[in-house]
>>> print(open('input_29.cif').read())   # mmCIF, C-alpha atoms (C1' of nucleotides)
data_protein
loop_
_atom_site.label_atom_id
_atom_site.label_comp_id
_atom_site.auth_asym_id
_atom_site.auth_seq_id
_atom_site.Cartn_x
_atom_site.Cartn_y
_atom_site.Cartn_z
CA MET A 1 -17.09 -62.47 -3.91
CA VAL A 2 -17.67 -59.59 -1.54
CA ARG A 3 -17.96 -56.85 -4.10
CA GLY A 4 -20.74 -58.56 -5.98
CA SER A 5 -22.99 -59.29 -3.05
CA VAL A 6 -22.48 -56.40 -0.70
CA ASP A 7 -20.58 -53.53 -2.24
CA ALA A 8 -22.82 -53.38 -5.25
CA ASN A 9 -25.32 -51.76 -2.93
CA PHE A 10 -23.00 -48.85 -2.48
CA LEU A 11 -24.83 -46.82 -5.08
CA PHE A 12 -28.28 -47.10 -3.55
CA THR A 13 -27.11 -47.04 0.06
CA LEU A 14 -25.40 -43.75 -0.55
CA GLY A 15 -28.60 -42.31 -1.95
CA GLU A 16 -30.62 -43.47 1.02
CA LEU A 17 -28.11 -42.10 3.47
CA HIS A 18 -28.04 -38.81 1.66
CA ARG A 19 -31.82 -38.51 1.78
CA LEU A 20 -31.82 -39.18 5.50
CA ILE A 21 -29.06 -36.73 6.29
CA ARG A 22 -30.53 -34.09 4.07
CA ALA A 23 -33.87 -34.24 5.85
CA TYR A 24 -32.18 -34.16 9.23
CA ALA A 25 -29.78 -31.33 8.43
CA ASP A 26 -32.45 -29.28 6.67
CA LYS A 27 -34.68 -29.51 9.66
CA GLU A 28 -31.97 -28.41 12.06
CA ALA A 29 -30.66 -25.68 9.79
CA GLY A 30 -34.19 -24.42 9.37
CA ARG A 31 -34.06 -23.06 12.89
CA PHE A 32 -31.56 -20.51 11.54
CA GLY A 33 -33.71 -19.64 8.56
CA ILE A 34 -31.44 -21.34 6.07
CA THR A 35 -31.47 -24.61 4.15
CA ARG A 36 -28.65 -27.12 4.11
CA ALA A 37 -27.93 -26.41 0.44
CA GLN A 38 -27.68 -22.66 1.06
CA TRP A 39 -25.54 -23.29 4.11
CA ALA A 40 -23.07 -25.33 2.05
CA VAL A 41 -22.71 -22.44 -0.38
CA LEU A 42 -22.30 -19.90 2.38
CA ALA A 43 -19.61 -22.00 4.04
CA LYS A 44 -17.74 -22.38 0.78
CA VAL A 45 -17.85 -18.63 0.12
CA GLU A 46 -16.30 -18.08 3.52
CA ARG A 47 -13.40 -20.34 2.62
CA SER A 48 -12.80 -18.74 -0.75
CA GLU A 49 -13.99 -15.17 -0.75
CA GLY A 50 -13.69 -13.33 -4.03
CA THR A 51 -14.31 -16.43 -6.15
CA LYS A 52 -16.44 -16.08 -9.22
CA GLN A 53 -19.60 -18.12 -9.55
CA THR A 54 -18.25 -20.57 -12.08
CA GLU A 55 -15.32 -21.50 -9.88
CA LEU A 56 -17.55 -21.88 -6.86
CA ALA A 57 -19.91 -24.15 -8.78
CA GLU A 58 -16.98 -26.36 -9.61
CA LEU A 59 -15.88 -26.52 -5.99
CA LEU A 60 -19.39 -27.52 -5.01
CA GLU A 61 -19.72 -30.09 -7.82
CA MET A 62 -22.87 -28.41 -9.03
CA GLN A 63 -23.99 -26.67 -12.21
CA PRO A 64 -23.65 -22.88 -12.41
CA ILE A 65 -27.38 -22.40 -12.86
CA THR A 66 -28.11 -24.34 -9.70
CA LEU A 67 -25.67 -22.12 -7.86
CA THR A 68 -27.13 -18.94 -9.33
CA ARG A 69 -30.44 -19.54 -7.67
CA LEU A 70 -28.95 -20.44 -4.31
CA ILE A 71 -26.86 -17.28 -4.48
CA ASP A 72 -29.99 -15.27 -5.28
CA LYS A 73 -31.42 -16.38 -1.98
CA LEU A 74 -28.25 -15.79 0.00
CA CYS A 75 -28.09 -12.27 -1.44
CA ASP A 76 -31.76 -11.60 -0.72
CA ALA A 77 -31.13 -12.61 2.88
CA GLY A 78 -28.17 -10.23 3.07
CA TRP A 79 -25.60 -12.91 3.91
CA ILE A 80 -23.37 -12.47 0.86
CA GLU A 81 -23.04 -10.03 -2.02
CA ARG A 82 -22.09 -10.08 -5.68
CA ARG A 83 -19.45 -7.55 -6.74
CA SER A 84 -18.76 -7.19 -10.42
CA ASP A 85 -15.21 -7.76 -11.53
CA ALA A 86 -13.35 -4.65 -12.69
CA SER A 87 -11.48 -6.29 -15.54
CA ASP A 88 -14.15 -8.66 -16.82
CA ARG A 89 -17.66 -7.35 -16.85
CA ARG A 90 -19.19 -10.81 -17.26
CA VAL A 91 -17.92 -11.90 -13.87
CA ASN A 92 -19.44 -11.58 -10.42
CA ARG A 93 -17.23 -12.16 -7.41
CA LEU A 94 -18.75 -13.27 -4.14
CA TYR A 95 -18.13 -11.83 -0.68
CA LEU A 96 -19.51 -12.54 2.75
CA ARG A 97 -21.44 -9.78 4.45
CA LYS A 98 -21.35 -9.16 8.15
CA ALA A 99 -24.63 -10.98 8.75
CA GLY A 100 -23.36 -14.00 6.85
CA ARG A 101 -20.23 -14.23 8.92
CA ALA A 102 -22.30 -13.93 12.08
CA LEU A 103 -24.66 -16.66 10.93
CA LEU A 104 -21.81 -19.06 10.19
CA GLY A 105 -20.49 -18.42 13.65
CA LYS A 106 -23.83 -19.25 15.19
CA MET A 107 -24.09 -22.40 13.10
CA SER A 108 -20.66 -23.86 13.70
CA GLY A 109 -21.90 -25.67 16.77
CA LEU A 110 -24.68 -27.25 14.76
CA LYS A 111 -22.23 -28.48 12.18
CA SER A 112 -20.15 -30.32 14.77
CA GLU A 113 -23.28 -31.65 16.39
CA LEU A 114 -24.67 -33.06 13.17
CA THR A 115 -21.36 -34.64 12.31
CA ALA A 116 -20.97 -36.09 15.77
CA THR A 117 -24.45 -37.57 15.62
CA ALA A 118 -23.83 -39.14 12.24
CA LEU A 119 -20.43 -40.54 13.14
CA GLU A 120 -21.34 -41.75 16.58
CA GLY A 121 -19.76 -45.07 17.42
CA ILE A 122 -17.07 -44.67 14.76
CA ASN A 123 -13.69 -43.89 16.26
CA PRO A 124 -11.80 -40.83 15.04
CA ALA A 125 -9.23 -42.80 13.07
CA ASP A 126 -11.95 -44.67 11.20
CA ALA A 127 -13.90 -41.49 10.67
CA HIS A 128 -10.84 -39.89 9.21
CA ARG A 129 -10.26 -42.80 6.86
CA LEU A 130 -13.91 -42.72 5.86
CA LEU A 131 -13.66 -39.10 4.84
CA THR A 132 -10.49 -39.78 2.89
CA GLN A 133 -12.21 -42.59 1.04
CA LEU A 134 -15.19 -40.40 0.22
CA GLU A 135 -12.80 -37.85 -1.25
CA GLN A 136 -11.15 -40.53 -3.31
CA ILE A 137 -14.49 -41.76 -4.59
CA LYS A 138 -15.36 -38.20 -5.54
CA GLU A 139 -12.15 -38.04 -7.51
CA ASN A 140 -12.88 -41.39 -9.20
CA VAL A 141 -16.34 -40.32 -10.25
CA ARG A 142 -15.17 -36.92 -11.39
CA ASN A 143 -12.65 -38.63 -13.64
CA ALA A 144 -15.24 -41.04 -14.98
CA VAL A 145 -17.56 -38.15 -15.85
CA GLN A 146 -14.81 -36.21 -17.56
CA ASN A 147 -13.30 -39.11 -19.49
CA PRO A 148 -16.27 -41.31 -20.23
CA GLY A 149 -15.35 -44.80 -21.29
CA ALA A 150 -11.80 -44.50 -20.06
CA SER A 151 -12.36 -46.71 -17.05
CA GLN A 152 -11.48 -49.91 -18.90
CA LEU A 153 -8.31 -48.33 -20.12
CA ARG A 154 -7.32 -47.19 -16.68
CA LYS A 155 -7.93 -50.59 -15.18
CA GLU A 156 -5.87 -52.31 -17.81
CA GLN A 157 -3.01 -49.91 -17.39
CA ARG A 158 -2.61 -50.89 -13.77
CA TYR A 159 -1.59 -54.35 -14.83
CA GLY A 160 0.52 -53.28 -17.84
CA MET B 1 -8.35 -32.44 17.12
CA VAL B 2 -9.07 -34.40 14.01
CA ARG B 3 -12.84 -34.36 14.17
CA GLY B 4 -13.02 -30.58 14.31
CA SER B 5 -10.78 -29.82 11.39
CA VAL B 6 -11.43 -32.62 8.95
CA ASP B 7 -14.40 -34.74 9.82
CA ALA B 8 -16.67 -31.77 10.24
CA ASN B 9 -16.66 -31.63 6.47
CA PHE B 10 -18.38 -34.95 6.34
CA LEU B 11 -21.77 -33.32 5.93
CA PHE B 12 -20.92 -31.24 2.88
CA THR B 13 -18.56 -33.76 1.33
CA LEU B 14 -21.31 -36.32 1.32
CA GLY B 15 -23.59 -33.89 -0.46
CA GLU B 16 -21.01 -33.13 -3.11
CA LEU B 17 -20.29 -36.80 -3.67
CA HIS B 18 -23.96 -37.56 -3.96
CA ARG B 19 -24.45 -34.84 -6.56
CA LEU B 20 -21.58 -36.21 -8.62
CA ILE B 21 -22.71 -39.81 -8.44
CA ARG B 22 -26.29 -38.90 -9.15
CA ALA B 23 -25.35 -37.09 -12.33
CA TYR B 24 -23.11 -39.93 -13.42
CA ALA B 25 -25.56 -42.73 -12.64
CA ASP B 26 -28.50 -40.85 -14.14
CA LYS B 27 -26.64 -40.37 -17.35
CA GLU B 28 -25.68 -44.02 -17.62
CA ALA B 29 -29.10 -45.29 -16.57
CA GLY B 30 -30.64 -42.97 -19.13
CA ARG B 31 -29.43 -45.29 -21.87
CA PHE B 32 -32.01 -47.76 -20.56
CA GLY B 33 -34.77 -45.17 -20.44
CA ILE B 34 -34.84 -45.04 -16.65
CA THR B 35 -33.56 -42.64 -14.00
CA ARG B 36 -31.41 -43.61 -11.07
CA ALA B 37 -34.23 -42.87 -8.61
CA GLN B 38 -36.68 -45.05 -10.53
CA TRP B 39 -34.05 -47.75 -10.81
CA ALA B 40 -33.58 -47.79 -7.04
CA VAL B 41 -37.31 -48.32 -6.56
CA LEU B 42 -37.46 -51.03 -9.18
CA ALA B 43 -34.54 -52.86 -7.58
CA LYS B 44 -36.16 -52.67 -4.18
CA VAL B 45 -39.46 -54.01 -5.51
CA GLU B 46 -37.58 -56.97 -6.91
CA ARG B 47 -36.16 -57.77 -3.48
CA SER B 48 -39.47 -57.46 -1.71
CA GLU B 49 -42.32 -58.20 -4.06
CA GLY B 50 -45.78 -57.81 -2.64
CA THR B 51 -44.82 -54.96 -0.29
CA LYS B 52 -47.22 -52.12 0.12
CA GLN B 53 -46.14 -48.61 -0.75
CA THR B 54 -45.75 -47.40 2.82
CA GLU B 55 -43.37 -50.21 3.68
CA LEU B 56 -41.38 -49.66 0.55
CA ALA B 57 -41.06 -45.95 1.28
CA GLU B 58 -39.61 -46.82 4.65
CA LEU B 59 -37.11 -49.21 3.12
CA LEU B 60 -36.02 -46.49 0.73
CA GLU B 61 -35.85 -43.82 3.43
CA MET B 62 -38.21 -41.61 1.48
CA GLN B 63 -41.65 -40.14 2.00
CA PRO B 64 -44.67 -42.05 0.65
CA ILE B 65 -45.67 -39.21 -1.63
CA THR B 66 -42.25 -39.16 -3.23
CA LEU B 67 -42.56 -42.86 -3.88
CA THR B 68 -46.07 -42.53 -5.29
CA ARG B 69 -44.85 -40.47 -8.18
CA LEU B 70 -41.90 -42.72 -8.92
CA ILE B 71 -44.25 -45.70 -8.92
CA ASP B 72 -46.57 -43.86 -11.29
CA LYS B 73 -43.76 -43.72 -13.80
CA LEU B 74 -42.67 -47.32 -13.29
CA CYS B 75 -46.27 -48.40 -13.86
CA ASP B 76 -46.64 -46.22 -16.93
CA ALA B 77 -43.54 -47.85 -18.36
CA GLY B 78 -44.97 -51.28 -17.66
CA TRP B 79 -42.14 -52.41 -15.37
CA ILE B 80 -44.23 -52.96 -12.23
CA GLU B 81 -47.90 -53.05 -11.31
CA ARG B 82 -50.09 -52.13 -8.37
CA ARG B 83 -52.48 -54.82 -7.17
CA SER B 84 -55.02 -53.88 -4.57
CA ASP B 85 -54.95 -55.85 -1.37
CA ALA B 86 -57.92 -58.17 -0.86
CA SER B 87 -58.29 -57.60 2.86
CA ASP B 88 -57.51 -53.88 3.05
CA ARG B 89 -58.83 -51.76 0.27
CA ARG B 90 -56.58 -48.82 1.11
CA VAL B 91 -53.49 -50.82 0.26
CA ASN B 92 -51.68 -51.33 -3.04
CA ARG B 93 -49.15 -54.12 -3.27
CA LEU B 94 -46.36 -53.90 -5.80
CA TYR B 95 -45.22 -56.58 -8.22
CA LEU B 96 -42.62 -56.72 -10.95
CA ARG B 97 -43.85 -57.28 -14.46
CA LYS B 98 -41.96 -59.28 -17.03
CA ALA B 99 -40.48 -56.20 -18.67
CA GLY B 100 -39.25 -54.94 -15.31
CA ARG B 101 -37.49 -58.16 -14.54
CA ALA B 102 -35.88 -58.12 -17.97
CA LEU B 103 -34.73 -54.55 -17.52
CA LEU B 104 -33.11 -55.29 -14.18
CA GLY B 105 -31.28 -58.16 -15.80
CA LYS B 106 -29.97 -55.89 -18.52
CA MET B 107 -28.89 -53.29 -15.95
CA SER B 108 -27.09 -55.54 -13.50
CA GLY B 109 -23.86 -55.11 -15.41
CA LEU B 110 -24.18 -51.36 -15.21
CA LYS B 111 -24.65 -51.50 -11.47
CA SER B 112 -21.40 -53.41 -10.97
CA GLU B 113 -19.65 -51.12 -13.40
CA LEU B 114 -20.73 -47.95 -11.62
CA THR B 115 -19.75 -49.37 -8.27
CA ALA B 116 -16.40 -50.54 -9.57
CA THR B 117 -15.69 -47.13 -11.04
CA ALA B 118 -16.57 -45.36 -7.81
CA LEU B 119 -14.60 -47.71 -5.60
CA GLU B 120 -11.58 -47.98 -7.83
CA GLY B 121 -8.34 -48.02 -5.88
CA ILE B 122 -10.07 -49.07 -2.67
CA ASN B 123 -9.36 -52.68 -1.81
CA PRO B 124 -12.29 -55.03 -1.19
CA ALA B 125 -11.79 -55.20 2.57
CA ASP B 126 -11.81 -51.41 2.84
CA ALA B 127 -14.78 -51.18 0.54
CA HIS B 128 -16.64 -53.62 2.69
CA ARG B 129 -15.85 -51.68 5.83
CA LEU B 130 -16.88 -48.46 4.12
CA LEU B 131 -20.30 -49.87 3.31
CA THR B 132 -20.71 -51.14 6.86
CA GLN B 133 -19.90 -47.69 8.18
CA LEU B 134 -22.38 -46.07 5.83
CA GLU B 135 -25.05 -48.43 7.13
CA GLN B 136 -24.15 -47.53 10.68
CA ILE B 137 -24.33 -43.83 9.92
CA LYS B 138 -27.75 -44.39 8.38
CA GLU B 139 -28.81 -46.05 11.60
CA ASN B 140 -27.40 -43.19 13.68
CA VAL B 141 -29.22 -40.57 11.69
CA ARG B 142 -32.43 -42.54 11.62
CA ASN B 143 -32.31 -42.69 15.41
CA ALA B 144 -31.58 -39.00 15.69
CA VAL B 145 -34.55 -38.17 13.47
CA GLN B 146 -36.88 -40.43 15.41
CA ASN B 147 -35.73 -39.40 18.89
CA PRO B 148 -34.84 -35.76 18.44
CA GLY B 149 -32.72 -34.36 21.23
CA ALA B 150 -31.86 -37.78 22.56
CA SER B 151 -28.30 -37.68 21.31
CA GLN B 152 -26.95 -36.01 24.44
CA LEU B 153 -28.69 -38.61 26.52
CA ARG B 154 -27.30 -41.46 24.48
CA LYS B 155 -23.77 -40.12 24.74
CA GLU B 156 -24.00 -39.71 28.46
CA GLN B 157 -25.38 -43.19 28.91
CA ARG B 158 -22.29 -44.70 27.40
CA TYR B 159 -20.27 -43.40 30.32
CA GLY B 160 -22.87 -44.16 33.02
"C1'" DA C 1 -73.36 -49.60 16.42
"C1'" DA C 2 -71.48 -44.92 16.26
"C1'" DA C 3 -67.80 -41.74 17.02
"C1'" DA C 4 -63.03 -40.85 17.25
"C1'" DG C 5 -58.69 -41.87 15.85
"C1'" DA C 6 -55.12 -44.09 12.91
"C1'" DT C 7 -53.37 -45.42 8.41
"C1'" DC C 8 -52.89 -45.65 3.12
"C1'" DA C 9 -52.49 -43.43 -0.93
"C1'" DT C 10 -52.60 -39.19 -3.29
"C1'" DA C 11 -52.74 -33.93 -4.34
"C1'" DA C 12 -50.82 -29.21 -4.32
"C1'" DG C 13 -47.16 -26.47 -3.99
"C1'" DC C 14 -42.07 -25.46 -2.64
"C1'" DA C 15 -36.71 -26.45 -2.84
"C1'" DA C 16 -32.81 -27.87 -5.25
"C1'" DG C 17 -30.93 -30.55 -8.63
"C1'" DC C 18 -30.65 -31.00 -13.94
"C1'" DT C 19 -30.51 -29.89 -19.48
"C1'" DT C 20 -30.85 -26.80 -23.04
"C1'" DA C 21 -30.99 -22.10 -24.68
"C1'" DT C 22 -30.07 -16.89 -24.40
"C1'" DT C 23 -27.58 -12.63 -23.64
"C1'" DA C 24 -23.55 -10.15 -22.78
"C1'" DT C 25 -18.91 -10.00 -22.84
"C1'" DA C 26 -13.85 -11.66 -23.94
"C1'" DT C 27 -10.68 -13.91 -26.79
"C1'" DT C 28 -8.77 -15.86 -30.88
"C1'" DC C 29 -8.10 -16.28 -35.78
"C1'" DT C 30 -7.73 -14.71 -40.11
"C1'" DA D 1 -10.35 -4.62 -37.67
"C1'" DG D 2 -14.00 -8.07 -38.16
"C1'" DA D 3 -15.72 -12.72 -37.75
"C1'" DA D 4 -15.86 -16.82 -35.30
"C1'" DT D 5 -15.47 -18.98 -31.00
"C1'" DA D 6 -15.47 -19.37 -26.01
"C1'" DT D 7 -16.98 -18.07 -21.44
"C1'" DA D 8 -20.06 -15.96 -17.42
"C1'" DA D 9 -24.31 -15.55 -15.75
"C1'" DT D 10 -29.10 -16.30 -16.20
"C1'" DA D 11 -33.86 -18.12 -17.91
"C1'" DA D 12 -37.36 -21.76 -18.77
"C1'" DG D 13 -38.97 -25.95 -17.78
"C1'" DC D 14 -38.24 -30.83 -16.08
"C1'" DT D 15 -37.31 -34.42 -12.02
"C1'" DT D 16 -37.07 -35.79 -7.41
"C1'" DG D 17 -37.05 -34.62 -2.91
"C1'" DC D 18 -39.96 -32.31 0.86
"C1'" DT D 19 -44.29 -30.47 3.96
"C1'" DT D 20 -48.92 -30.05 4.71
"C1'" DA D 21 -53.63 -31.40 3.59
"C1'" DT D 22 -57.47 -34.58 1.88
"C1'" DG D 23 -60.33 -38.60 0.99
"C1'" DA D 24 -60.95 -43.28 1.70
"C1'" DT D 25 -60.67 -46.91 4.53
"C1'" DC D 26 -59.63 -49.60 8.81
"C1'" DT D 27 -59.43 -49.93 14.02
"C1'" DT D 28 -60.43 -48.71 18.63
"C1'" DT D 29 -63.26 -46.82 22.13
"C1'" DT D 30 -67.36 -45.96 24.23
#
>>> encode(input="input_29.cif", output="structure tokens")
Amino acid sequence: MVRGSVDANFLFTLGELHRLIRAYADKEAGRFGITRAQWAVLAKVERSEGTKQTELAELLEMQPITLTRLIDKLCDAGWIERRSDASDRRVNRLYLRKAGRALLGKMSGLKSELTATALEGINPADAHRLLTQLEQIKENVRNAVQNPGASQLRKEQRYG
Amino acid sequence: MVRGSVDANFLFTLGELHRLIRAYADKEAGRFGITRAQWAVLAKVERSEGTKQTELAELLEMQPITLTRLIDKLCDAGWIERRSDASDRRVNRLYLRKAGRALLGKMSGLKSELTATALEGINPADAHRLLTQLEQIKENVRNAVQNPGASQLRKEQRYG
DNA sequence: AAAAGATCATAAGCAAGCTTATTATATTCT
DNA sequence: AGAATATAATAAGCTTGCTTATGATCTTTT
């Protein structure tokens, strides 16, 4: 049985890979005065300007408090800004500042380079499938977290 | 160009997936009084008993100091033990204790369950290929970290 | 054999995750 | 309208990563 002997390492292999990539990407991103975690936030803000923090945290699969502190740093550096919402005074909405947009521009080459390095030797079609599968796994885990214990049910349904 | 538009998200997608899985696995492992990080170490010790800490850190793709603290906790809990090497007094070698072996036994079901949940909807052949690709990416990144700046060279060589 | 250099484990202190709790608002329910 | 509940952001304090530095050994060089 393949799944038992090999695939069961998926969990730990993913962790090891993540550690490696994090160290690598952090080091490279450091040349721009930013960390990989901050960079991910900045990139997401670019794609969805005007989002509130809660929504952004969800997009990034992280807890709001974790995001708050990353945003603090991005604001301190002058890359983004919080603007309070007119109709709901609890809410902050996030916008890129000029410096942030410029930084992302400078870093876009690095992003492709890191990806190319990681995916070297994997042809584009496979790489594309890989990413699709990672997205699906994200979805699977997100469901499992939200409906704990429902996995048995779901599996049974497929044969019902 | 596929790589530019889709695959360039590989970097951040991986981070998001890791965050999700970490939270999920930590929560489940918590029922056994262990964290996912500690569990990974314990599992690796089982596979290579008698290793010294430096070697184990390398296997786990983490820094020795990070491992030291995880080992501290595993020792405190009585799951593994450090035994000093007879011929080199700097070295500690790691061994499972009875309780550690028992715990791993109890947790093996959880490991399969987590993996199955994550990989649901992906057929075994695809899952197997996915894991192989993750291993290759690990190798790619490891090389890039060890020979910084050599990526251009390596790419050119393939056409030389 | 002594000095210089490498290696093993650990310490101190920072980043980025988390849980739980707090404060300030909005919203919903009588 | 007032009370109860829900939501947005943040705070405090923990874990697990990291870098850089230190002490104790081993190894190599002279």
>>> resolve_selection(input="input_29.cif", expression="the PyMOL selection byres ((chain D) within 10 of (chain A))", output="PyMOL selection string")
chain D and resi 7-11+17-18
>>> resolve_selection(input="input_29.cif", expression="the PyMOL selection byres ((chain B) within 6 of (chain A))", output="VMD selection string")
chain B and resid 8 16 to 17 61 112 115 118 137 to 138 140 to 141
>>> atom_distance(input="input_29.cif", atom1="atom CA of Ala77 of chain A", atom2="atom CA of Arg31 of chain A")
14.8 Å
>>> atom_distance(input="input_29.cif", atom1="atom CA of Leu74 of chain B", atom2="atom CA of Glu28 of chain B")
17.8 Å
>>> axis_aligned_box(input="input_29.cif", around="segment 9-21 of chain D", padding_each_side="3 Å", output="lines of an AutoDock Vina configuration file")
center_x = -39.0
center_y = -25.7
center_z = -7.0
size_x = 35.3
size_y = 26.2
size_z = 29.5
>>> atom_distance(input="input_29.cif", atom1="atom CA of Arg82 of chain B", atom2="atom CA of Tyr95 of chain B")
6.6 Å
>>> closest_residue(input="input_29.cif", among="A:Leu110, A:Leu104, A:Val45, A:Leu67", to="chain C", atoms="all atoms listed in the file")
A:Leu67
>>> interface_residues(input="input_29.cif", of="chain C", to="chain A", cutoff="9 Å", atoms="all atoms listed in the file", output="PyMOL selection string")
chain C and resi 15-18+24-26
>>> write_last_selection(input="input_29.cif", atoms="C-alpha atoms (C1' of nucleotides)", output="compact mmCIF listing (two decimals), in the coordinates of the input")
# COMPACT_ATOMS: atom_id res chain seq x y z
C1' DA C 15 -36.71 -26.45 -2.84
C1' DA C 16 -32.81 -27.87 -5.25
C1' DG C 17 -30.93 -30.55 -8.63
C1' DC C 18 -30.65 -31.00 -13.94
C1' DA C 24 -23.55 -10.15 -22.78
C1' DT C 25 -18.91 -10.00 -22.84
C1' DA C 26 -13.85 -11.66 -23.94
>>> closest_residue(input="input_29.cif", among="A:Ile34, A:Met107, A:Ala102, A:Leu56", to="Asp76 of chain A", atoms="only C-alpha atoms")
A:Ile34
>>> resolve_selection(input="input_29.cif", expression="the PyMOL selection byres ((chain A and resi 51) around 6)", output="PDB file with C-alpha atoms, keeping the file's coordinate frame")
ATOM      1  CA  GLU A  49     -13.990 -15.170  -0.750  1.00  0.00           C
ATOM      2  CA  GLY A  50     -13.690 -13.330  -4.030  1.00  0.00           C
ATOM      3  CA  LYS A  52     -16.440 -16.080  -9.220  1.00  0.00           C
ATOM      4  CA  ARG A  93     -17.230 -12.160  -7.410  1.00  0.00           C
ATOM      5  CA  LEU A  94     -18.750 -13.270  -4.140  1.00  0.00           C
TER       6      LEU A  94
END
>>> residues_around(input="input_29.cif", residues="DG2 of chain D", least_positions_apart="3", cutoff="12 Å", atoms="all atoms listed in the file", output="list in words")
DT28, DC29 and DT30 of chain C
>>> build_atoms(input="input_29.cif", residues="segment 47-62 of chain B", atoms="N, CA and C atoms", output="PDB file, in the coordinates of the input")
ATOM      1  N   ARG B  47     -36.592 -57.090  -4.700  1.00  0.00           N
ATOM      2  CA  ARG B  47     -36.160 -57.770  -3.480  1.00  0.00           C
ATOM      3  C   ARG B  47     -37.289 -58.020  -2.510  1.00  0.00           C
ATOM      4  N   SER B  48     -38.384 -57.282  -2.669  1.00  0.00           N
ATOM      5  CA  SER B  48     -39.470 -57.460  -1.710  1.00  0.00           C
ATOM      6  C   SER B  48     -40.798 -57.309  -2.426  1.00  0.00           C
ATOM      7  N   GLU B  49     -41.069 -58.249  -3.307  1.00  0.00           N
ATOM      8  CA  GLU B  49     -42.320 -58.200  -4.060  1.00  0.00           C
ATOM      9  C   GLU B  49     -43.512 -58.400  -3.139  1.00  0.00           C
ATOM     10  N   GLY B  50     -44.587 -57.700  -3.445  1.00  0.00           N
ATOM     11  CA  GLY B  50     -45.780 -57.810  -2.640  1.00  0.00           C
ATOM     12  C   GLY B  50     -45.831 -56.817  -1.487  1.00  0.00           C
ATOM     13  N   THR B  51     -44.793 -55.991  -1.345  1.00  0.00           N
ATOM     14  CA  THR B  51     -44.820 -54.960  -0.290  1.00  0.00           C
ATOM     15  C   THR B  51     -45.850 -53.910  -0.630  1.00  0.00           C
ATOM     16  N   LYS B  52     -46.364 -53.270   0.391  1.00  0.00           N
ATOM     17  CA  LYS B  52     -47.220 -52.120   0.120  1.00  0.00           C
ATOM     18  C   LYS B  52     -46.362 -50.866   0.053  1.00  0.00           C
ATOM     19  N   GLN B  53     -46.928 -49.801  -0.464  1.00  0.00           N
ATOM     20  CA  GLN B  53     -46.140 -48.610  -0.750  1.00  0.00           C
ATOM     21  C   GLN B  53     -45.506 -48.012   0.513  1.00  0.00           C
ATOM     22  N   THR B  54     -46.265 -47.978   1.587  1.00  0.00           N
ATOM     23  CA  THR B  54     -45.750 -47.400   2.820  1.00  0.00           C
ATOM     24  C   THR B  54     -44.482 -48.120   3.292  1.00  0.00           C
ATOM     25  N   GLU B  55     -44.542 -49.440   3.249  1.00  0.00           N
ATOM     26  CA  GLU B  55     -43.370 -50.210   3.680  1.00  0.00           C
ATOM     27  C   GLU B  55     -42.183 -49.937   2.782  1.00  0.00           C
ATOM     28  N   LEU B  56     -42.455 -49.886   1.498  1.00  0.00           N
ATOM     29  CA  LEU B  56     -41.380 -49.660   0.550  1.00  0.00           C
ATOM     30  C   LEU B  56     -40.750 -48.288   0.761  1.00  0.00           C
ATOM     31  N   ALA B  57     -41.574 -47.298   1.030  1.00  0.00           N
ATOM     32  CA  ALA B  57     -41.060 -45.950   1.280  1.00  0.00           C
ATOM     33  C   ALA B  57     -40.107 -45.969   2.463  1.00  0.00           C
ATOM     34  N   GLU B  58     -40.462 -46.736   3.466  1.00  0.00           N
ATOM     35  CA  GLU B  58     -39.610 -46.820   4.650  1.00  0.00           C
ATOM     36  C   GLU B  58     -38.277 -47.469   4.303  1.00  0.00           C
ATOM     37  N   LEU B  59     -38.337 -48.536   3.535  1.00  0.00           N
ATOM     38  CA  LEU B  59     -37.110 -49.210   3.120  1.00  0.00           C
ATOM     39  C   LEU B  59     -36.197 -48.265   2.354  1.00  0.00           C
ATOM     40  N   LEU B  60     -36.807 -47.392   1.577  1.00  0.00           N
ATOM     41  CA  LEU B  60     -36.020 -46.490   0.730  1.00  0.00           C
ATOM     42  C   LEU B  60     -35.691 -45.185   1.421  1.00  0.00           C
ATOM     43  N   GLU B  61     -36.098 -45.042   2.672  1.00  0.00           N
ATOM     44  CA  GLU B  61     -35.850 -43.820   3.430  1.00  0.00           C
ATOM     45  C   GLU B  61     -36.450 -42.599   2.741  1.00  0.00           C
ATOM     46  N   MET B  62     -37.593 -42.777   2.109  1.00  0.00           N
ATOM     47  CA  MET B  62     -38.210 -41.610   1.480  1.00  0.00           C
ATOM     48  C   MET B  62     -39.668 -41.499   1.901  1.00  0.00           C
TER      49      MET B  62
END
